[in-house]
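*Asks:* There's a structure below that I have some questions on.
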Amino acid sequence: MAIVLITGATAGFGKACAEKFARHKYDLIITGRRQERLQELKTGLEQQYGIHVLPLAFDVRNEQTVTDILGGIPEQWKQVAVLINNAGLAAGLSPIDEGSTDDWNAMIDTNVKGLLYVSRAVIPWLKAQGKGHIINLGSIAGRQTYAKGNVYCASKAAVDAITLGMRIDLLPYGIKVTGICPGAAETEFSLVRFKGDEQKARDVYKGLTPLSAEDVADVIFYCASLPPHVCINDLVLTPLQQASAYYYHRK
Ligand code: NDP
Ligand code: 8X3
C-alpha cells in the first residue's frame, strides 16, 4: 500500500491529513515534536483503519536529527508516495523593528529550513522510484504581506519559491510538486502565534466561518488523488468571507 509522510501531524492540517489518508487506507509516517500525541494518533488510526503507522518524533529545525532519523527508517518505509511538508508556525505579530529575533529564527528555521531538510532526505527516495508527490504548505500570507506579518509572510513567500524550484528541478523525474496556500483556518496556529493567549487567538476568527483543518486536508487529498499525468502546481483556498490576506467580510 502507498505511504504518506506528513510533517507536523500532531495538530491542525497535519493531523487532519493523517485521518483523511488513513480513511483511504494509506500507511502513514507521522512526525512532530510531541511524542505522546504521535503515539495516540498511531494507536487510534491503526485500530480504526487497519493501516500501519510509523511515528517519528523530531524537531525539523535540527538538520542532523532529520537526516539521521529519516535515513534510519526501514527500507520498506522509504517507498513514500506523498510527502506533505506541513510543519510550521507563526510566532508573534510585531512591527519589523520590534519583533523578537527568537521568533524570527523559529519561523525561518521551521518553515523554510526544516522543510528543506526533510525534502533533502526524502527526494532521493522519490527519484529512485521515478514517481512521488511533494505537497508544500505555503499560505496566503506568502502572497500578500500584511501588517506586522513581516517575517512569517517572508517565510511563506520562500516556501512558494522553493515549491516552484522543486517543480522545475524534479520535472525530469516524474515527481509532482504542489503548493497549497490556505487563508484563515482555525487550528492551533493562532494559539501558537500568540503563545497560548486564547482570547487573542479566538479574535482572529471573530465574525468569520474559517476554514477547518478538515477542509484543508480534503483539498490536499484531492490534489494527491488525481491521475498520474495531472499535477496541481499551486492552489489558494480561503474561507468564503476572505478575499485576500487583508480583505475580510466579518459579520
Ligand atoms: P498547528 O499549530 O495546528 O500545527 C502545526 C504542526 O506543526 C504541529 O503538528 C506541530 O507539531 C508542527 N511543528 C511546528 N514546529 C515544529 C518543529 N520545529 N518540528 C516539528 N514539527 C513542528 O498549525 P496548522 O495546522 O494551522 O499549520 C500547518 C501549516 O500550515 C503551517 O506550515 C502553517 O504555517 C500553515 N498555514 C496555516 C494556516 C492557518 O490559518 N492555520 C493558513 C495557511 C498556512 P509539534 O508542536 O508537536 O512539533
Ligand atoms: C496563516 C494564514 O493569514 O493568518 O498562514 O497568516 S494568516
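So you can find residues: chains in the C-alpha cells are A, B, ... in the order shown, residues in each start at 1, and ligands are numbered from 1 in order.
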Taking the backbone alone, and naming residues the way the document does, which bits of region 29-218 of chain A are helix (DSSP H, G or I) by DSSP, as a ChimeraX atom specification?

*Replies:* /A:35-49,63-71,75-78,101-129,140-142,150-173,189-193,198-203,213-218

*Asks:* Set the distance at 7 Å and use only C-alpha atoms: which residues neighbour region 4-12 of chain A once local chain neighbours fewer than 2 positions away are removed? I'd like the list as an MDAnalysis selection string.

*Replies:* chainID A and resid 2 14:16 18 26:32 34 37:38 80:87 187:188 213

*Asks:* Print the selection's residues with N, CA and C atoms to a file, as a PDB file, in the first residue's frame.

*Replies:*
ATOM      1  N   ALA A   2       0.299   2.336  -0.497  1.00  0.00           N
ATOM      2  CA  ALA A   2       1.061   3.579  -0.602  1.00  0.00           C
ATOM      3  C   ALA A   2       1.277   4.222   0.778  1.00  0.00           C
ATOM      4  N   GLY A  14      -2.001  18.783   9.588  1.00  0.00           N
ATOM      5  CA  GLY A  14      -1.242  17.533   9.509  1.00  0.00           C
ATOM      6  C   GLY A  14      -2.024  16.383  10.111  1.00  0.00           C
ATOM      7  N   LYS A  15      -2.643  16.631  11.248  1.00  0.00           N
ATOM      8  CA  LYS A  15      -3.435  15.588  11.908  1.00  0.00           C
ATOM      9  C   LYS A  15      -4.657  15.238  11.046  1.00  0.00           C
ATOM     10  N   ALA A  16      -5.306  16.278  10.513  1.00  0.00           N
ATOM     11  CA  ALA A  16      -6.484  16.036   9.655  1.00  0.00           C
ATOM     12  C   ALA A  16      -6.078  15.262   8.397  1.00  0.00           C
ATOM     13  N   ALA A  18      -3.615  13.100   8.271  1.00  0.00           N
ATOM     14  CA  ALA A  18      -3.368  11.724   8.723  1.00  0.00           C
ATOM     15  C   ALA A  18      -4.693  10.969   8.759  1.00  0.00           C
ATOM     16  N   TYR A  26      -4.198   4.489   3.292  1.00  0.00           N
ATOM     17  CA  TYR A  26      -2.759   4.715   3.132  1.00  0.00           C
ATOM     18  C   TYR A  26      -2.051   4.347   4.435  1.00  0.00           C
ATOM     19  N   ASP A  27      -0.833   3.839   4.338  1.00  0.00           N
ATOM     20  CA  ASP A  27       0.026   3.748   5.513  1.00  0.00           C
ATOM     21  C   ASP A  27       0.677   5.114   5.728  1.00  0.00           C
ATOM     22  N   LEU A  28       1.026   5.394   6.977  1.00  0.00           N
ATOM     23  CA  LEU A  28       1.461   6.756   7.294  1.00  0.00           C
ATOM     24  C   LEU A  28       2.771   6.804   8.057  1.00  0.00           C
ATOM     25  N   ILE A  29       3.606   7.777   7.709  1.00  0.00           N
ATOM     26  CA  ILE A  29       4.704   8.176   8.592  1.00  0.00           C
ATOM     27  C   ILE A  29       4.286   9.538   9.147  1.00  0.00           C
ATOM     28  N   ILE A  30       4.137   9.598  10.455  1.00  0.00           N
ATOM     29  CA  ILE A  30       3.669  10.849  11.066  1.00  0.00           C
ATOM     30  C   ILE A  30       4.801  11.422  11.926  1.00  0.00           C
ATOM     31  N   THR A  31       4.994  12.731  11.820  1.00  0.00           N
ATOM     32  CA  THR A  31       6.086  13.354  12.580  1.00  0.00           C
ATOM     33  C   THR A  31       5.594  14.602  13.302  1.00  0.00           C
ATOM     34  N   GLY A  32       6.401  15.010  14.267  1.00  0.00           N
ATOM     35  CA  GLY A  32       6.105  16.180  15.088  1.00  0.00           C
ATOM     36  C   GLY A  32       6.987  16.071  16.318  1.00  0.00           C
ATOM     37  N   ARG A  34       5.753  16.358  19.536  1.00  0.00           N
ATOM     38  CA  ARG A  34       5.019  15.830  20.693  1.00  0.00           C
ATOM     39  C   ARG A  34       4.773  14.323  20.557  1.00  0.00           C
ATOM     40  N   ARG A  37       1.348  12.651  21.527  1.00  0.00           N
ATOM     41  CA  ARG A  37       0.283  12.820  20.523  1.00  0.00           C
ATOM     42  C   ARG A  37       0.496  11.901  19.332  1.00  0.00           C
ATOM     43  N   LEU A  38       1.739  11.711  18.936  1.00  0.00           N
ATOM     44  CA  LEU A  38       2.025  10.818  17.803  1.00  0.00           C
ATOM     45  C   LEU A  38       1.614   9.390  18.141  1.00  0.00           C
ATOM     46  N   VAL A  80       7.833   6.121  -0.275  1.00  0.00           N
ATOM     47  CA  VAL A  80       6.846   7.168   0.006  1.00  0.00           C
ATOM     48  C   VAL A  80       6.171   7.639  -1.288  1.00  0.00           C
ATOM     49  N   ALA A  81       4.836   7.666  -1.263  1.00  0.00           N
ATOM     50  CA  ALA A  81       4.083   8.155  -2.427  1.00  0.00           C
ATOM     51  C   ALA A  81       3.871   9.667  -2.333  1.00  0.00           C
ATOM     52  N   VAL A  82       3.596  10.141  -1.117  1.00  0.00           N
ATOM     53  CA  VAL A  82       3.293  11.569  -0.934  1.00  0.00           C
ATOM     54  C   VAL A  82       4.031  12.083   0.302  1.00  0.00           C
ATOM     55  N   LEU A  83       4.764  13.174   0.127  1.00  0.00           N
ATOM     56  CA  LEU A  83       5.388  13.886   1.254  1.00  0.00           C
ATOM     57  C   LEU A  83       4.610  15.175   1.468  1.00  0.00           C
ATOM     58  N   ILE A  84       4.049  15.346   2.648  1.00  0.00           N
ATOM     59  CA  ILE A  84       3.330  16.593   2.947  1.00  0.00           C
ATOM     60  C   ILE A  84       4.190  17.414   3.910  1.00  0.00           C
ATOM     61  N   ASN A  85       4.814  18.448   3.367  1.00  0.00           N
ATOM     62  CA  ASN A  85       5.657  19.348   4.161  1.00  0.00           C
ATOM     63  C   ASN A  85       4.761  20.398   4.802  1.00  0.00           C
ATOM     64  N   ASN A  86       4.320  20.075   6.017  1.00  0.00           N
ATOM     65  CA  ASN A  86       3.282  20.877   6.658  1.00  0.00           C
ATOM     66  C   ASN A  86       3.772  21.552   7.946  1.00  0.00           C
ATOM     67  N   ALA A  87       4.739  20.957   8.635  1.00  0.00           N
ATOM     68  CA  ALA A  87       5.177  21.500   9.936  1.00  0.00           C
ATOM     69  C   ALA A  87       5.541  22.966   9.777  1.00  0.00           C
ATOM     70  N   THR A 187      -7.011  26.352  13.753  1.00  0.00           N
ATOM     71  CA  THR A 187      -6.268  25.178  14.250  1.00  0.00           C
ATOM     72  C   THR A 187      -5.570  25.664  15.525  1.00  0.00           C
ATOM     73  N   GLU A 188      -4.422  25.066  15.846  1.00  0.00           N
ATOM     74  CA  GLU A 188      -3.649  25.608  16.977  1.00  0.00           C
ATOM     75  C   GLU A 188      -2.756  26.776  16.534  1.00  0.00           C
ATOM     76  N   ALA A 213      -9.404  22.429   9.688  1.00  0.00           N
ATOM     77  CA  ALA A 213      -8.273  21.573   9.292  1.00  0.00           C
ATOM     78  C   ALA A 213      -8.752  20.527   8.286  1.00  0.00           C
TER      79      ALA A 213
END

*Asks:* Env of Lys156 (chain A): 9 Å cut, atoms = only C-alpha atoms, seq-sep filter 2 positions within chain, self excluded. Answer as a PDB file with C-alpha atoms, in the first residue's frame.

*Replies:*
ATOM      1  CA  ASN A 111       9.036  26.926   7.838  1.00  0.00           C
ATOM      2  CA  VAL A 112      11.952  27.251   5.453  1.00  0.00           C
ATOM      3  CA  LEU A 137       2.132  24.195   2.831  1.00  0.00           C
ATOM      4  CA  GLY A 138       2.571  27.804   1.843  1.00  0.00           C
ATOM      5  CA  SER A 139      -0.010  30.399   2.846  1.00  0.00           C
ATOM      6  CA  ILE A 140      -1.974  33.336   1.565  1.00  0.00           C
ATOM      7  CA  ALA A 141       0.496  35.188   3.810  1.00  0.00           C
ATOM      8  CA  GLY A 142       3.173  34.366   1.254  1.00  0.00           C
ATOM      9  CA  ARG A 143       1.147  36.093  -1.473  1.00  0.00           C
ATOM     10  CA  VAL A 151       8.890  37.522   8.807  1.00  0.00           C
ATOM     11  CA  TYR A 152       6.069  34.926   8.777  1.00  0.00           C
ATOM     12  CA  CYS A 153       4.955  36.272   5.371  1.00  0.00           C
ATOM     13  CA  ALA A 154       8.563  36.176   4.154  1.00  0.00           C
ATOM     14  CA  ALA A 158      10.159  31.495   0.487  1.00  0.00           C
ATOM     15  CA  VAL A 159       8.077  28.305   0.532  1.00  0.00           C
ATOM     16  CA  ASP A 160       6.451  29.431  -2.745  1.00  0.00           C
ATOM     17  CA  ALA A 161       9.860  29.953  -4.344  1.00  0.00           C
ATOM     18  CA  CYS A 181      -1.851  28.213   0.202  1.00  0.00           C
TER      19      CYS A 181
END

*Asks:* Write out as a PyMOL selection string which residues come within 10 Å of His229 (chain A) when counting only C-alpha atoms, dropping same-chain ones fewer than 3 positions away.

*Replies:* chain A and resi 174+176+226

*Asks:* Applying 9 Å and only C-alpha atoms, which residues near Arg193 (chain A) remain after dropping the ones on its own chain fewer than 6 positions away? List them as a list in words.

*Replies:* Leu89, Ala90, Ala91, Gly92, Leu93 and Ala201 of chain A

*Asks:* Pick the closest to ligand 1 from A:Gly88, A:Gly165, A:Gly71, A:Pro239: which is it, counting only C-alpha atoms and all ligand atoms?

*Replies:*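 Among the listed residues, A:Gly88 lies closest to ligand 1.
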
*Asks:* Could you check the closest approach to ligand 2 for each of A:Tyr117, A:Gln79, A:Phe13, A:Gly72 and tell me which residue wins, using only C-alpha atoms and all ligand atoms?

*Replies:*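 Checking each of A:Tyr117, A:Gln79, A:Phe13, A:Gly72 against ligand 2, counting only C-alpha atoms and all ligand atoms, the winner is A:Phe13.
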
*Asks:* Looking at A:Lys195, A:His249, A:Arg120, A:Arg33, which one is nearest to ligand 1, with distances taken over only C-alpha atoms and all ligand atoms?

*Replies:*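 With only C-alpha atoms and all ligand atoms as the atom set, the closest residue is A:Arg33.
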
*Asks:* Mind the document's chain letters and residue numbers, and return as a list of chain:residue names the residues of region 112-219 of chain A that DSSP labels strand (DSSP E or B).

*Replies:*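 DSSP on the backbone gives strand (DSSP E or B) at A:Gly132, A:His133, A:Ile134, A:Ile135, A:Asn136, A:Leu137, A:Ile175, A:Lys176, A:Val177, A:Thr178, A:Gly179, A:Ile180, A:Cys181, A:Pro182, A:Ala185, A:Leu211.
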
*Asks:* When distances are computed from only C-alpha atoms, which of A:Gly50, A:Gly114, A:Gly44, A:Gly99 shows the smallest separation from Gln64 (chain A)?

*Replies:* A:Gly114

*Asks:* What is the CA of Ala121 (chain A)-atom 8 (C, counted along the ligand's line) of ligand 1 distance in Å, reported with one decimal?

*Replies:*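 Result for CA of Ala121 (chain A) versus atom 8 (C, counted along the ligand's line) of ligand 1: 19.7 Å, one decimal.
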
*Asks:* A:Glu19, A:Asp197, A:Glu75, A:Glu186: which is nearest ligand 2, counting only C-alpha atoms and all ligand atoms?

*Replies:*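 Using only C-alpha atoms and all ligand atoms, ligand 2 sits closest to A:Glu186.
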
*Asks:* Looking at only C-alpha atoms, which of A:Asn105, A:Ser119, A:Asn150, A:Asn233 is the one that sits closest to Leu70 (chain A)?

*Replies:*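 Closest candidate: A:Ser119.
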
*Asks:* Just the number, please: distance in Å from atom 12 (C, counted along the ligand's line) of ligand 1 to CA of Asp68 (chain A), one decimal.

*Replies:* 18.8 Å

*Asks:* List the neighbours of Pro210 (chain A) out to 9 Å using only C-alpha atoms; skip same-chain residues closer than 5 positions along the sequence, and give me the result as a list in words.

*Replies:* Gly183, Ala184, Ala185, Glu186, Tyr205, Thr238, Pro239, Leu240, Gln241 and Gln242 of chain A
